[in-house]
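Student: This is the content of query.txt (compact mmCIF, C-alpha atoms and all ligand atoms):
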```txt
# COMPACT_ATOMS: atom_id res chain seq x y z
CA MET H 1 -100.05 -86.80 -27.47
CA LEU H 2 -98.54 -88.32 -24.38
CA GLN H 3 -95.28 -89.13 -26.04
CA LEU H 4 -92.62 -86.51 -25.91
CA SER H 5 -91.47 -86.10 -29.49
CA SER H 6 -87.90 -86.83 -30.45
CA LYS H 7 -87.56 -83.16 -31.22
CA LEU H 8 -88.38 -82.37 -27.63
CA ALA H 9 -85.96 -84.96 -26.40
CA LEU H 10 -83.18 -83.18 -28.20
CA CYS H 11 -84.06 -79.78 -26.89
CA SER H 12 -81.76 -78.47 -24.21
CA LEU H 13 -82.05 -75.42 -22.07
CA PRO H 14 -79.41 -72.72 -22.11
CA LEU H 15 -76.54 -73.56 -19.81
CA ALA H 16 -77.17 -70.28 -18.06
CA LEU H 17 -80.22 -71.81 -16.46
CA PHE H 18 -78.01 -74.27 -14.65
CA ALA H 19 -75.11 -71.93 -14.03
CA VAL H 20 -77.07 -69.43 -11.97
CA GLY H 21 -78.96 -69.67 -8.74
CA SER H 22 -76.84 -72.44 -7.27
CA ALA H 23 -78.04 -71.46 -3.79
CA PHE H 24 -81.51 -72.56 -4.75
CA GLY H 25 -81.19 -76.10 -5.87
CA GLN H 26 -79.90 -75.79 -9.40
CA GLY H 27 -78.24 -79.10 -10.09
CA GLN H 28 -75.45 -80.57 -12.09
CA GLN H 29 -75.52 -80.30 -15.84
CA ASP H 30 -75.20 -83.98 -16.72
CA PHE H 31 -78.51 -85.69 -16.06
CA SER H 32 -77.79 -88.91 -17.94
CA ALA H 33 -77.11 -90.92 -14.78
CA VAL H 34 -80.14 -89.66 -12.88
CA GLN H 35 -82.66 -92.33 -12.00
CA ILE H 36 -86.19 -91.56 -10.88
CA LYS H 37 -87.27 -93.26 -7.67
CA THR H 38 -91.00 -93.53 -6.91
CA HIS H 39 -92.25 -93.30 -3.32
CA GLN H 40 -95.84 -93.82 -2.18
CA VAL H 41 -96.86 -91.15 0.34
CA ALA H 42 -100.51 -92.00 1.10
CA GLY H 43 -103.34 -93.59 -0.90
CA ASN H 44 -103.06 -92.53 -4.53
CA PHE H 45 -100.48 -89.81 -3.88
CA TYR H 46 -96.83 -90.44 -4.70
CA TYR H 47 -93.64 -88.47 -5.12
CA LEU H 48 -90.81 -88.91 -7.58
CA GLU H 49 -87.22 -88.34 -6.53
CA GLY H 50 -84.65 -87.57 -9.20
CA GLN H 51 -82.52 -84.43 -9.52
CA GLY H 52 -84.23 -81.26 -8.33
CA GLY H 53 -87.45 -80.75 -6.40
CA ASN H 54 -89.69 -83.60 -5.31
CA VAL H 55 -92.39 -84.25 -7.91
CA GLY H 56 -95.83 -84.92 -6.44
CA VAL H 57 -98.14 -87.25 -8.38
CA LEU H 58 -101.85 -87.85 -7.71
CA ILE H 59 -103.30 -90.67 -9.81
CA GLY H 60 -106.86 -91.80 -10.46
CA ASP H 61 -109.61 -92.18 -13.04
CA ASP H 62 -109.77 -88.45 -13.78
CA GLY H 63 -106.14 -88.32 -14.88
CA VAL H 64 -102.79 -87.48 -13.33
CA LEU H 65 -102.10 -84.33 -11.35
CA MET H 66 -98.41 -83.54 -11.19
CA ILE H 67 -96.59 -81.06 -8.92
CA ASP H 68 -93.28 -79.61 -10.18
CA ASP H 69 -91.16 -81.05 -12.98
CA GLN H 70 -87.42 -80.84 -12.12
CA PHE H 71 -85.10 -80.11 -15.08
CA ALA H 72 -85.93 -80.30 -18.80
CA PRO H 73 -83.53 -83.19 -19.58
CA LEU H 74 -85.47 -85.33 -17.07
CA SER H 75 -88.93 -84.87 -18.62
CA GLU H 76 -88.96 -88.22 -20.42
CA LYS H 77 -87.74 -90.10 -17.35
CA LEU H 78 -90.37 -88.43 -15.19
CA GLN H 79 -93.04 -89.21 -17.73
CA ALA H 80 -91.97 -92.88 -17.79
CA ALA H 81 -92.15 -93.05 -13.99
CA ILE H 82 -95.65 -91.57 -14.05
CA LYS H 83 -96.73 -94.03 -16.75
CA ALA H 84 -95.63 -96.87 -14.51
CA LEU H 85 -98.13 -95.59 -11.94
CA SER H 86 -101.06 -94.76 -14.24
CA ASN H 87 -102.11 -95.19 -17.85
CA LYS H 88 -104.19 -92.01 -17.67
CA PRO H 89 -102.95 -88.76 -19.24
CA ILE H 90 -101.22 -86.10 -17.19
CA ARG H 91 -104.00 -83.56 -16.88
CA MET H 92 -102.52 -80.74 -14.84
CA LEU H 93 -99.11 -79.60 -13.60
CA ILE H 94 -98.78 -77.31 -10.58
CA ASN H 95 -95.60 -75.27 -10.03
CA THR H 96 -94.88 -74.70 -6.31
CA HIS H 97 -92.59 -71.75 -7.21
CA VAL H 98 -90.38 -70.34 -9.95
CA HIS H 99 -87.01 -72.03 -9.50
CA GLY H 100 -85.58 -73.98 -12.41
CA ASP H 101 -85.24 -77.23 -10.48
CA HIS H 102 -89.05 -77.22 -10.10
CA THR H 103 -90.13 -75.67 -13.42
CA GLY H 104 -87.37 -76.71 -15.83
CA GLY H 105 -89.63 -79.23 -17.55
CA ASN H 106 -92.52 -76.79 -18.10
CA GLU H 107 -91.89 -76.36 -21.79
CA ASN H 108 -91.74 -80.11 -22.43
CA PHE H 109 -94.83 -80.87 -20.37
CA GLY H 110 -96.70 -77.79 -21.63
CA LYS H 111 -96.25 -79.13 -25.17
CA LEU H 112 -98.18 -82.23 -24.16
CA GLY H 113 -101.24 -80.01 -23.94
CA LEU H 114 -101.78 -80.15 -20.17
CA ASP H 115 -102.65 -77.11 -18.09
CA ILE H 116 -99.93 -75.57 -15.90
CA VAL H 117 -101.23 -74.02 -12.68
CA ALA H 118 -99.35 -71.62 -10.37
CA HIS H 119 -99.56 -68.45 -8.33
CA ASP H 120 -99.85 -65.21 -10.33
CA ASN H 121 -96.27 -64.19 -9.45
CA VAL H 122 -94.82 -67.44 -10.83
CA ARG H 123 -96.20 -66.72 -14.28
CA VAL H 124 -94.89 -63.15 -14.21
CA ARG H 125 -91.39 -64.22 -13.15
CA ILE H 126 -91.10 -67.20 -15.53
CA ALA H 127 -92.29 -65.03 -18.40
CA LYS H 128 -89.51 -62.52 -17.69
CA GLY H 129 -86.84 -65.19 -17.12
CA VAL H 130 -85.80 -66.39 -13.66
CA ASN H 131 -82.39 -65.50 -12.21
CA GLY H 132 -81.14 -64.08 -15.49
CA ALA H 133 -82.35 -66.97 -17.66
CA ALA H 134 -83.97 -66.22 -20.98
CA PRO H 135 -87.72 -65.52 -20.93
CA SER H 136 -89.70 -68.73 -21.23
CA PRO H 137 -91.82 -69.45 -24.30
CA ALA H 138 -95.58 -69.19 -23.87
CA VAL H 139 -96.03 -72.94 -23.77
CA ALA H 140 -93.94 -73.13 -20.57
CA LEU H 141 -96.07 -70.58 -18.71
CA PRO H 142 -98.87 -71.33 -16.28
CA VAL H 143 -102.23 -70.89 -18.04
CA VAL H 144 -104.25 -71.02 -14.82
CA THR H 145 -103.07 -68.62 -12.11
CA PHE H 146 -104.54 -67.57 -8.80
CA GLY H 147 -103.98 -64.88 -6.18
CA ASP H 148 -104.98 -66.42 -2.87
CA THR H 149 -106.35 -69.95 -3.07
CA MET H 150 -108.01 -72.23 -5.57
CA SER H 151 -109.53 -75.69 -5.32
CA LEU H 152 -109.40 -78.70 -7.61
CA HIS H 153 -111.69 -81.71 -7.44
CA LEU H 154 -110.00 -84.68 -9.05
CA ASN H 155 -109.68 -88.40 -8.37
CA GLY H 156 -111.94 -88.24 -5.33
CA GLU H 157 -109.69 -85.64 -3.72
CA THR H 158 -110.34 -82.09 -2.62
CA ILE H 159 -107.14 -80.25 -3.41
CA THR H 160 -106.43 -76.75 -2.14
CA ILE H 161 -103.62 -74.73 -3.68
CA GLY H 162 -102.83 -71.70 -1.58
CA LYS H 163 -100.38 -68.85 -1.52
CA LEU H 164 -97.98 -68.75 1.40
CA PRO H 165 -96.47 -65.50 2.75
CA PRO H 166 -93.39 -64.37 0.75
CA ALA H 167 -90.92 -66.93 2.11
CA HIS H 168 -88.59 -68.79 -0.28
CA THR H 169 -89.94 -66.57 -3.09
CA ASP H 170 -93.00 -64.34 -3.51
CA GLY H 171 -94.93 -67.05 -5.34
CA ASP H 172 -94.72 -70.02 -2.97
CA SER H 173 -97.74 -72.31 -2.90
CA TYR H 174 -98.72 -75.20 -0.69
CA ILE H 175 -100.89 -77.97 -2.12
CA HIS H 176 -103.15 -79.69 0.39
CA PHE H 177 -104.83 -83.04 -0.28
CA ALA H 178 -107.71 -83.42 2.18
CA LYS H 179 -108.43 -87.14 1.80
CA ALA H 180 -104.85 -88.36 1.63
CA ASP H 181 -103.96 -85.89 4.43
CA VAL H 182 -100.86 -84.73 2.58
CA ILE H 183 -99.33 -81.30 2.02
CA HIS H 184 -96.71 -80.56 -0.64
CA ALA H 185 -94.84 -77.66 0.95
CA GLY H 186 -92.53 -76.66 -1.91
CA ASP H 187 -89.18 -75.20 -0.88
CA VAL H 188 -90.52 -73.29 2.12
CA PHE H 189 -89.68 -76.48 3.99
CA ARG H 190 -86.77 -78.76 3.13
CA THR H 191 -84.93 -81.48 5.02
CA THR H 192 -81.79 -81.15 2.91
CA GLY H 193 -81.01 -77.45 3.25
CA TYR H 194 -80.94 -74.31 5.33
CA PRO H 195 -83.99 -72.03 5.07
CA GLY H 196 -83.70 -70.74 1.50
CA VAL H 197 -84.63 -67.08 1.29
CA ASP H 198 -84.29 -65.93 -2.32
CA GLY H 199 -84.50 -62.17 -1.90
CA GLY H 200 -84.00 -61.68 -5.63
CA ASN H 201 -87.31 -63.46 -6.22
CA GLY H 202 -89.19 -61.78 -3.39
CA GLY H 203 -88.38 -64.18 -0.52
CA THR H 204 -88.22 -62.91 3.08
CA VAL H 205 -87.22 -64.25 6.50
CA LYS H 206 -90.34 -62.92 8.22
CA GLY H 207 -92.47 -64.53 5.52
CA THR H 208 -90.57 -67.80 5.89
CA ILE H 209 -91.44 -67.94 9.58
CA ALA H 210 -95.06 -67.02 8.83
CA ALA H 211 -95.27 -69.60 6.05
CA LEU H 212 -93.85 -72.36 8.26
CA GLN H 213 -96.41 -71.38 10.91
CA ALA H 214 -99.18 -71.54 8.30
CA LEU H 215 -98.08 -75.08 7.37
CA VAL H 216 -98.07 -76.11 11.04
CA ASP H 217 -101.53 -74.59 11.50
CA MET H 218 -103.08 -76.37 8.52
CA ALA H 219 -101.53 -79.77 9.34
CA GLY H 220 -102.85 -82.32 11.74
CA PRO H 221 -100.78 -84.67 13.92
CA ASN H 222 -100.80 -87.36 11.23
CA THR H 223 -100.48 -85.15 8.15
CA LYS H 224 -97.66 -86.14 5.82
CA ILE H 225 -95.71 -83.11 4.68
CA LEU H 226 -93.70 -83.47 1.49
CA PRO H 227 -90.84 -80.95 1.38
CA GLY H 228 -89.52 -79.41 -1.82
CA HIS H 229 -86.33 -81.41 -1.21
CA GLY H 230 -85.92 -84.29 1.20
CA VAL H 231 -88.18 -86.87 2.77
CA VAL H 232 -91.81 -87.05 3.91
CA SER H 233 -92.05 -85.31 7.28
CA THR H 234 -94.50 -84.40 10.03
CA ARG H 235 -96.02 -81.28 11.52
CA ASP H 236 -93.52 -81.53 14.38
CA ASP H 237 -90.63 -81.54 11.90
CA VAL H 238 -91.95 -78.32 10.33
CA ALA H 239 -92.43 -76.78 13.78
CA ARG H 240 -88.79 -77.53 14.63
CA PHE H 241 -87.65 -76.00 11.34
CA ARG H 242 -89.75 -72.91 12.20
CA ASP H 243 -88.21 -72.67 15.68
CA ASN H 244 -84.68 -72.96 14.31
CA THR H 245 -85.45 -70.30 11.70
CA ILE H 246 -86.69 -67.98 14.45
CA GLU H 247 -83.50 -68.64 16.42
CA ALA H 248 -81.35 -67.90 13.35
CA GLN H 249 -83.30 -64.68 12.76
CA ARG H 250 -82.72 -63.65 16.41
CA ARG H 251 -78.96 -64.28 16.23
CA PHE H 252 -78.53 -62.48 12.90
CA THR H 253 -80.59 -59.54 14.13
CA ASP H 254 -78.35 -59.16 17.20
CA LEU H 255 -75.17 -59.23 15.12
CA ILE H 256 -76.52 -56.79 12.54
CA LYS H 257 -77.59 -54.40 15.29
CA LYS H 258 -74.04 -54.60 16.67
CA GLY H 259 -72.85 -53.36 13.28
CA MET H 260 -71.27 -56.55 11.99
CA THR H 261 -70.73 -56.79 8.23
CA VAL H 262 -71.72 -59.84 6.22
CA GLU H 263 -68.03 -60.81 6.01
CA GLN H 264 -67.76 -60.72 9.80
CA VAL H 265 -70.91 -62.80 10.19
CA ILE H 266 -69.61 -65.34 7.68
CA ALA H 267 -66.40 -65.57 9.73
CA ALA H 268 -68.38 -65.97 12.97
CA ASN H 269 -70.79 -68.58 11.49
CA PRO H 270 -73.31 -67.90 14.25
CA THR H 271 -75.65 -70.74 13.28
CA ALA H 272 -73.04 -73.52 13.06
CA ASP H 273 -74.90 -75.53 15.71
CA LEU H 274 -78.17 -75.22 13.77
CA ALA H 275 -76.83 -76.62 10.46
CA THR H 276 -77.55 -80.25 11.26
CA LYS H 277 -80.88 -79.30 12.81
CA PHE H 278 -82.00 -77.75 9.52
CA ILE H 279 -80.33 -80.38 7.34
CA THR H 280 -81.51 -83.71 8.70
CA THR H 281 -81.50 -85.97 5.63
CA ALA H 282 -78.38 -84.88 3.74
CA PRO H 283 -74.69 -84.61 4.61
CA PRO H 284 -73.68 -81.55 6.68
CA PRO H 285 -73.22 -78.47 4.46
CA ASP H 286 -69.83 -77.49 3.10
CA LYS H 287 -68.42 -74.02 3.72
CA ALA H 288 -69.60 -72.64 0.38
CA THR H 289 -73.18 -73.70 1.09
CA THR H 290 -73.06 -72.20 4.57
CA ASP H 291 -71.55 -68.96 3.26
CA ARG H 292 -74.32 -68.66 0.65
CA PHE H 293 -76.95 -69.21 3.33
CA ILE H 294 -75.39 -66.64 5.66
CA THR H 295 -75.15 -64.06 2.88
CA ALA H 296 -78.76 -64.48 1.77
CA PHE H 297 -80.12 -64.66 5.31
CA TYR H 298 -78.05 -61.67 6.50
CA ASN H 299 -79.22 -59.51 3.61
CA ALA H 300 -82.85 -60.49 4.14
CA VAL H 301 -82.81 -59.96 7.91
CA LYS H 302 -81.08 -56.58 7.47
CA SER H 303 -83.61 -55.42 4.89
CA GLU H 304 -86.46 -56.42 7.19
CA LEU H 305 -85.25 -54.59 10.33
ZN ZN P 1 -86.59 -73.29 -4.78
```
In structure tokens, how does this file's structure come out?
Ligand SMILES: [Zn+2]
Tutor:
Amino acid sequence: MLQLSSKLALCSLPLALFAVGSAFGQGQQDFSAVQIKTHQVAGNFYYLEGQGGNVGVLIGDDGVLMIDDQFAPLSEKLQAAIKALSNKPIRMLINTHVHGDHTGGNENFGKLGLDIVAHDNVRVRIAKGVNGAAPSPAVALPVVTFGDTMSLHLNGETITIGKLPPAHTDGDSYIHFAKADVIHAGDVFRTTGYPGVDGGNGGTVKGTIAALQALVDMAGPNTKILPGHGVVSTRDDVARFRDNTIEAQRRFTDLIKKGMTVEQVIAANPTADLATKFITTAPPPDKATTDRFITAFYNAVKSEL
């Protein structure tokens, strides 16, 4: 039951899944060279780095709890990395949000018989098909959904999964591990990208600022915060990301109120000095990445005035 069948190994998702949504972490199409690196965060909590969102892994006698699952072609590699940590079955899989670089393996892992857990809106959006992708089969859908918060009690941990304000999307969850003092923040916080506001999936700038504040409020000075992409960070890192997001919101608001079009704001690049403050563990963004950020952020700020 824990082995992915050869039939599953051969399955491939429609190319459309990878061709769309490039602003939100959709990766390259050739995954053959991707290697999974395992990092210990605290106690029995780890994260796996491959291609796509960071995969959280809590191990223990009760079984493995997994957070996010990258892209479908990586399911076997992720499963092998988890097996190297624990010989227990993967019992549950939490999706932090809808994007394909965090949920692409749902079908493969769902077929193992585990329970997928996510916010109500994640199930609705995956069922319809995210960013123009085909609707997902039932086995890829969360079977346990929640509206506000829910708690899990596994492996000696008290785990709280909670909805954040509509930030990156309208189904963003944080996952808090009380004993390990760890929070998986999903893509609300990243160290490798600008604030990612996916208006097409319900994300907002105001909600991003509120969600970052919520993460700061629930963290302590020693809490380890795992971003959706990037490296383990601190409460102060999230606070800085919040402050820079507020500053970007202020600058965009001023320019929009002056009547500037999105093309004019792209030309002005008013947050050029903030790029390397947002993106601290990846190379500085290229022009296309910056232009995508400005377009999404401009449209969101304008719609929220
Ligand atoms: Zn995302």
Student: Mind giving me the axis-aligned box for range 281-299 of chain H with 8 Å on every side, centre plus edges in Å to one decimal, as lines of an AutoDock Vina configuration file?
Tutor:
```
center_x = -75.0
center_y = -72.7
center_z = 3.5
size_x = 29.1
size_y = 42.5
size_z = 22.3
```
Student: Counting only C-alpha atoms, which of H:Ala72, H:Val143, H:Ala219, H:Val57 gets nearest to Ser32 in chain H?
Tutor: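 Smallest distance to Ser32 in chain H is found for H:Ala72.
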Student: How many Å lie between CA of Asn222 in chain H and CA of Val182 in chain H, rounded to one decimal?
Tutor: 9.0 Å
Student: Nearest residue to Tyr298 in chain H out of H:Val205, H:Val139, H:Met218, H:Ala267, using all atoms listed in the file?
Tutor: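 Selected residue with least distance to Tyr298 in chain H: H:Val205.
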Student: For ligand ZN 1 (chain P), collect every residue having any atom at a distance of at most 10 Å from a ligand atom (counting only C-alpha atoms and all ligand atoms); output as a list in words.
Tutor: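 Those residues are Gly21, Ala23, Phe24, Gly25, Gln26, Gly52, Gly53, Thr96, His97, Val98, His99, Gly100, Asp101, His102, Thr103, His168, Thr169, Asp172, Gly186, Asp187, Val188, Phe189, Arg190, Gly196, Val197, Asp198, Asn201, Gly228 and His229 of chain H.
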Student: From the set H:Lys224, H:Arg240, H:Lys163, H:Arg123, which residue has the shortest atom-to-atom contact distance to Gln40 in chain H, counting only C-alpha atoms?
Tutor: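 Closest residue, counting only C-alpha atoms: H:Lys224.
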Student: What's the separation between CA of Lys277 in chain H and CA of Asn244 in chain H, in Å to one decimal place?
Tutor: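 Pair CA of Lys277 in chain H / CA of Asn244 in chain H returns 7.5 Å.
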Student: Extract, using only C-alpha atoms, all DNA, RNA and protein residues at most 6 Å from Val55 in chain H, discarding same-chain residues fewer than 3 positions from it, and format them as a ChimeraX atom specification.
Tutor: /H:47-48,67-68
